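K.L.:
Handing you a structure now.
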Amino acid sequence: MKVSSLLKNSMWHLIWSGAILQRCSNCIVLSVALAAAVMLSVRKLVLPQPVNRGIRHARDRSGLLACILVACVLAASLAQGQAQGPVRITLDEAIQIAMKHNHNLLATRTTILQSQAEETTANLRPNPTLFGDWEYLPLFSPSNQNSTYYQNSTEADIGLSYLIERGRKRQHRLQAAKDVTAQTRSLVADNERSLTFNVASLFVNVQLAESTLELAELDLKSFGQTVDLSDLRYKAGAISEDDYLKIKLQLLQFETDFQQAQLAKVQALSDLRQLLGYESVSADYDVAGAFDYQPVKGNLDDLQLKAMQNRPDYRAAREGVTAANSQYDLQKAIGKQDVTVQGNYSHTGGINTASFYGSIPLPIFNRNQGEIARTRFAITQAEEQEKATSGQVMTDVRDAYEALRENDRVIQLYRSGYLEVAQKDRDISEYAYKRGAVSLLDFLDAERSYRATQLAYRQALASYLLALEQLREAVGVRALP
């Protein structure tokens with residue numbers, strides 16, 4: 001077999017395999033692997049008759065390039081085919097996307113960087129001051145502008161001064177700034193907690209909208225079959241024209257419900273996209289995940305204890321007390337007067353001299369009493385805010401826990417048999433109506449009861465899932481017992 005024919009066959013096999021691999025999730029990797037296998041087979045070719053080595057190498061290189069080109073084209077086409085489908089994201093993925101792309105959160109996170117920059121400022125030492133002067137220059141006496149006059153009759157000074165901070169002011173400034181940064185981090189974490197809850201709430205809204213749309217679509221299809229059957233019965237004289245028109249009018253309600261459900265889904269996805277970061281997901285994205293009951297078995301005391309350990313707003317309140325104490329220590333340090341030292345070199349009348357000075361303000365009137373008193377009261381304020389936050393955490397957990405229990409009881413009522421009863425009642429009425437055993441009004445009443453029960457169950461399930469997300473937000477963690 002010749003090289004060219006074998007290469008041609010290999011490329012056709014590669015193209016055929018790529019067409020099959022379009023249905024695989026790992027199609028690009030498999031296509032590249034197949035291309036590599038073909039290239040290895042080409043390298044092992046043995047020509048049947050002696051040929052020039054240069055021609056052999058040229059053929060091998062051209063064959064390899066052809067295989068690589070085909071593999072790249074297939075990989076690009078397969079990747080494009082995969083990218084055309086809508087992106088489906090789970091709740092955990094939606095939260096991660098929001099953490100990375102929500103602009104309000106990204107803006108809030110810059111406060112940490114700003115606070116860290118303030119730490120740099122707080123840790124700076126005072127700059128030394130350099131000064132100099134040259135006095136008694138004969139600017140308007142040209143006859144005196146000579147070296148002898150400058151040496152003997154002018155005065156020149158140069159000196160350096162530095163402020164020595166007492167009371168460990170710089171260390172206290174730095175510690176106060178670090179405490180503010182720690183509190184800022186906790187406040188940003190609390191923003192993340194709130195964003196997580198908002199994302200989860202909108203995600204549940206999307207799931208509710210999709211479930212409602214699915215119900216409306218099934219009801220519309222089922223009732224459409226009933227309308228078609230009623231049309232045949234009307235034409236056969238089995239039902240009156242009035243009954244037939246009532247059924248057709250009822251179809252309008254099903255169609256309206258379907259359109260409203262479609263609109264609700266589009267709007268819910270749009271709201272969620274804005275929270276995730278508008279440009280972070282494509283316009284045709286969708287959500288994935290079960291819209292179903294999720295039992296929680298934790299007790300109230302354990303949840304409250306966990307909340308006190310994990311809630312970032314309570315942690316920020318505790319750090320606020322620490323920051324207030326740091327500010328109080330800083331203001332007491334500021335009340336201590338700083339010393340200024342200075343050294344001068346002077347040249348006066350041909351004599352070189354050195355001078356050293358030191359100065360300190362006398363704290364007779366201003367000893368920073370006002371700021372010290374203010375920060376002492378600020379400590380009391382921070383302590384009261386910590387207690388208030390502690391109580392708020394306990395209240396949030398209790399309220400969310402009771403709301404979840406109440407919604408759980410409602411869900412259990414539906415799951416205990418009412419859903420099956422509504423389904424069975426509708427099916428029996430439909431079966432009997434199609435055979436003339438019940439009246440139209442009885443059938444329509446059973447249909448309305450079934451739709452109302454199914455829709456109420458979905459809304460109750462959404463309320464339960466929202467209560468579950470509220471409890472997760474109150475506790476401060478996603479994982480609940």
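Ordering of the structure tokens sets the chain letters (A, B, ...); residue numbers start at 1 within each chain; ligands are numbered from 1 in the order shown.
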Can you tell me which residues surround Arg367 (chain A) at a distance of at most 10 Å, considering only C-alpha atoms, apart from same-chain residues fewer than 5 positions away, and format the answer as a PDB file with C-alpha atoms, in the first residue's frame?
P.N.:
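Contents of around-v8.pdb, as written:
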ATOM      1  CA  GLN A 331      -6.418  58.687  71.396  1.00  0.00           C
ATOM      2  CA  LYS A 332      -4.712  58.218  74.752  1.00  0.00           C
ATOM      3  CA  ILE A 334      -2.175  61.098  70.956  1.00  0.00           C
ATOM      4  CA  GLY A 335      -2.684  62.873  74.290  1.00  0.00           C
ATOM      5  CA  LYS A 336       1.014  62.444  75.006  1.00  0.00           C
ATOM      6  CA  GLN A 337       3.058  65.322  73.632  1.00  0.00           C
ATOM      7  CA  LEU A 362       3.301  71.849  77.517  1.00  0.00           C
ATOM      8  CA  ILE A 372     -10.423  60.232  74.729  1.00  0.00           C
TER       9      ILE A 372
END
K.L.:
Can you tell me which residues surround region 393-401 of chain A at a distance of at most 7 Å, considering only C-alpha atoms, apart from same-chain residues fewer than 4 positions away, and format the answer as a list in words?
P.N.:
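Residues near the query, excluding close chain neighbours: Leu300, Gln304, Ala307, Thr389, Arg405, Ala467, Gln470, Leu471, Ala474 and Val475 of chain A.
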K.L.:
May I have the residues within 9 Å of Gln385 (chain A) as a ChimeraX atom specification, using only C-alpha atoms and disregarding those fewer than 2 positions away in the same chain?
P.N.:
/A:317-318,320-321,380-383,387-390
K.L.:
Counting only C-alpha atoms, figure out which residue out of A:Ile158, A:Leu245, A:Val341, A:Val87 gets nearest to Phe356 (chain A).
P.N.:
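Answer, going by the shortest atom-to-atom distance: A:Val341.
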K.L.:
Can you list, as a list in words, every protein, DNA or RNA residue that comes within 9 Å of region 150-156 of chain A when you count only C-alpha atoms, leaving out same-chain residues fewer than 3 positions away?
P.N.:
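Skipping anything fewer than 3 positions along the chain leaves Gly132, Asp133, Trp134, Glu135, Tyr136, Leu137, Pro138, Asn144, Gln145, Asn146, Ser147, Tyr345, Ser346, His347, Thr348, Gly349, Gly350 and Ile351 of chain A.
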K.L.:
Which residue gives the smallest distance to Asp338 (chain A) among A:Ala354, A:Ile360, A:Ile247, A:Val188, with only C-alpha atoms counted?
P.N.:
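Between A:Ala354, A:Ile360, A:Ile247, A:Val188, the residue approaching Asp338 (chain A) most closely is A:Ile360.
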K.L.:
Which region 132-243 of chain A residues have any atom within 12 Å of an atom of region 426-443 of chain A, and for each, what is the nearest pair of atoms with distance in Å to one decimal, counting only C-alpha atoms, rows sorted by chain and number, as a Markdown table?
P.N.:
| residue | atom | partner | partner_atom | distance |
| --- | --- | --- | --- | --- |
| A:Asp219 | CA | A:Arg426 | CA | 11.3 |
| A:Ser222 | CA | A:Glu430 | CA | 10.1 |
| A:Phe223 | CA | A:Glu430 | CA | 9.7 |
| A:Gln225 | CA | A:Lys434 | CA | 10.8 |
| A:Thr226 | CA | A:Lys434 | CA | 8.0 |
| A:Val227 | CA | A:Lys434 | CA | 10.5 |
| A:Asp228 | CA | A:Lys434 | CA | 11.1 |
| A:Leu229 | CA | A:Lys434 | CA | 7.7 |
| A:Ser230 | CA | A:Lys434 | CA | 8.0 |
| A:Asp231 | CA | A:Lys434 | CA | 11.5 |
| A:Leu232 | CA | A:Lys434 | CA | 10.8 |
| A:Arg233 | CA | A:Lys434 | CA | 8.9 |
| A:Tyr234 | CA | A:Lys434 | CA | 11.8 |
| A:Ala238 | CA | A:Gly436 | CA | 8.3 |
| A:Ile239 | CA | A:Gly436 | CA | 8.7 |
| A:Ser240 | CA | A:Leu440 | CA | 10.4 |
| A:Glu241 | CA | A:Leu440 | CA | 11.9 |
| A:Asp242 | CA | A:Leu440 | CA | 10.2 |
| A:Asp243 | CA | A:Leu440 | CA | 6.7 |
K.L.:
Which residues of region 97-179 of chain A come within 12 Å of region 199-208 of chain A, and what is each one's closest atom pair and distance in Å (one decimal), counting only C-alpha atoms, sorted by chain and residue number, as a tab-separated table?
P.N.:
residue	atom	partner	partner_atom	distance
A:Ile97	CA	A:Val199	CA	9.9
A:Ala98	CA	A:Val199	CA	7.6
A:Met99	CA	A:Val199	CA	10.0
A:Asn102	CA	A:Val199	CA	10.4
K.L.:
Which one is closest to Gly277 (chain A): A:Lys100, A:Arg185, A:Arg311, A:Arg88? Count only C-alpha atoms.
P.N.:
A:Lys100
K.L.:
Write out as an mmCIF file with C-alpha atoms, in the first residue's frame each polymer residue whose atoms come within 9 Å of Asp190 (chain A), counting only C-alpha atoms; drop sequence neighbours fewer than 2 positions from it.
P.N.:
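selection.cif written:
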data_model
loop_
_atom_site.group_PDB
_atom_site.id
_atom_site.type_symbol
_atom_site.label_atom_id
_atom_site.label_comp_id
_atom_site.auth_asym_id
_atom_site.auth_seq_id
_atom_site.Cartn_x
_atom_site.Cartn_y
_atom_site.Cartn_z
ATOM 1 C CA ARG A 185 -13.557 41.809 55.864
ATOM 2 C CA SER A 186 -16.397 40.536 58.027
ATOM 3 C CA LEU A 187 -18.771 43.145 56.611
ATOM 4 C CA VAL A 188 -17.827 42.093 53.075
ATOM 5 C CA GLU A 192 -21.588 37.759 50.357
ATOM 6 C CA ARG A 193 -24.045 36.029 52.696
ATOM 7 C CA SER A 194 -26.836 38.350 51.601
ATOM 8 C CA LEU A 195 -25.921 37.942 47.936
ATOM 9 C CA ARG A 311 -22.580 34.735 61.149
ATOM 10 C CA PRO A 312 -20.213 37.352 59.672
ATOM 11 C CA ASP A 313 -22.333 40.270 60.880
ATOM 12 C CA ALA A 316 -18.102 42.134 62.579
ATOM 13 C CA GLY A 476 -24.617 31.730 57.950
#
K.L.:
Return the single residue from A:Leu163, A:Ala452, A:Leu269, A:Ala261 that is closest to Thr340 (chain A), with distances computed using only C-alpha atoms.
P.N.:
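Between A:Leu163, A:Ala452, A:Leu269, A:Ala261, the residue approaching Thr340 (chain A) most closely is A:Leu163.
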K.L.:
If we count only C-alpha atoms and set the cut-off at 12 Å, which residues sit around Tyr162 (chain A), ignoring sequence neighbours fewer than 4 positions away in its own chain? Please answer as a PyMOL selection string.
P.N.:
chain A and resi 125-131+338-343+356-359
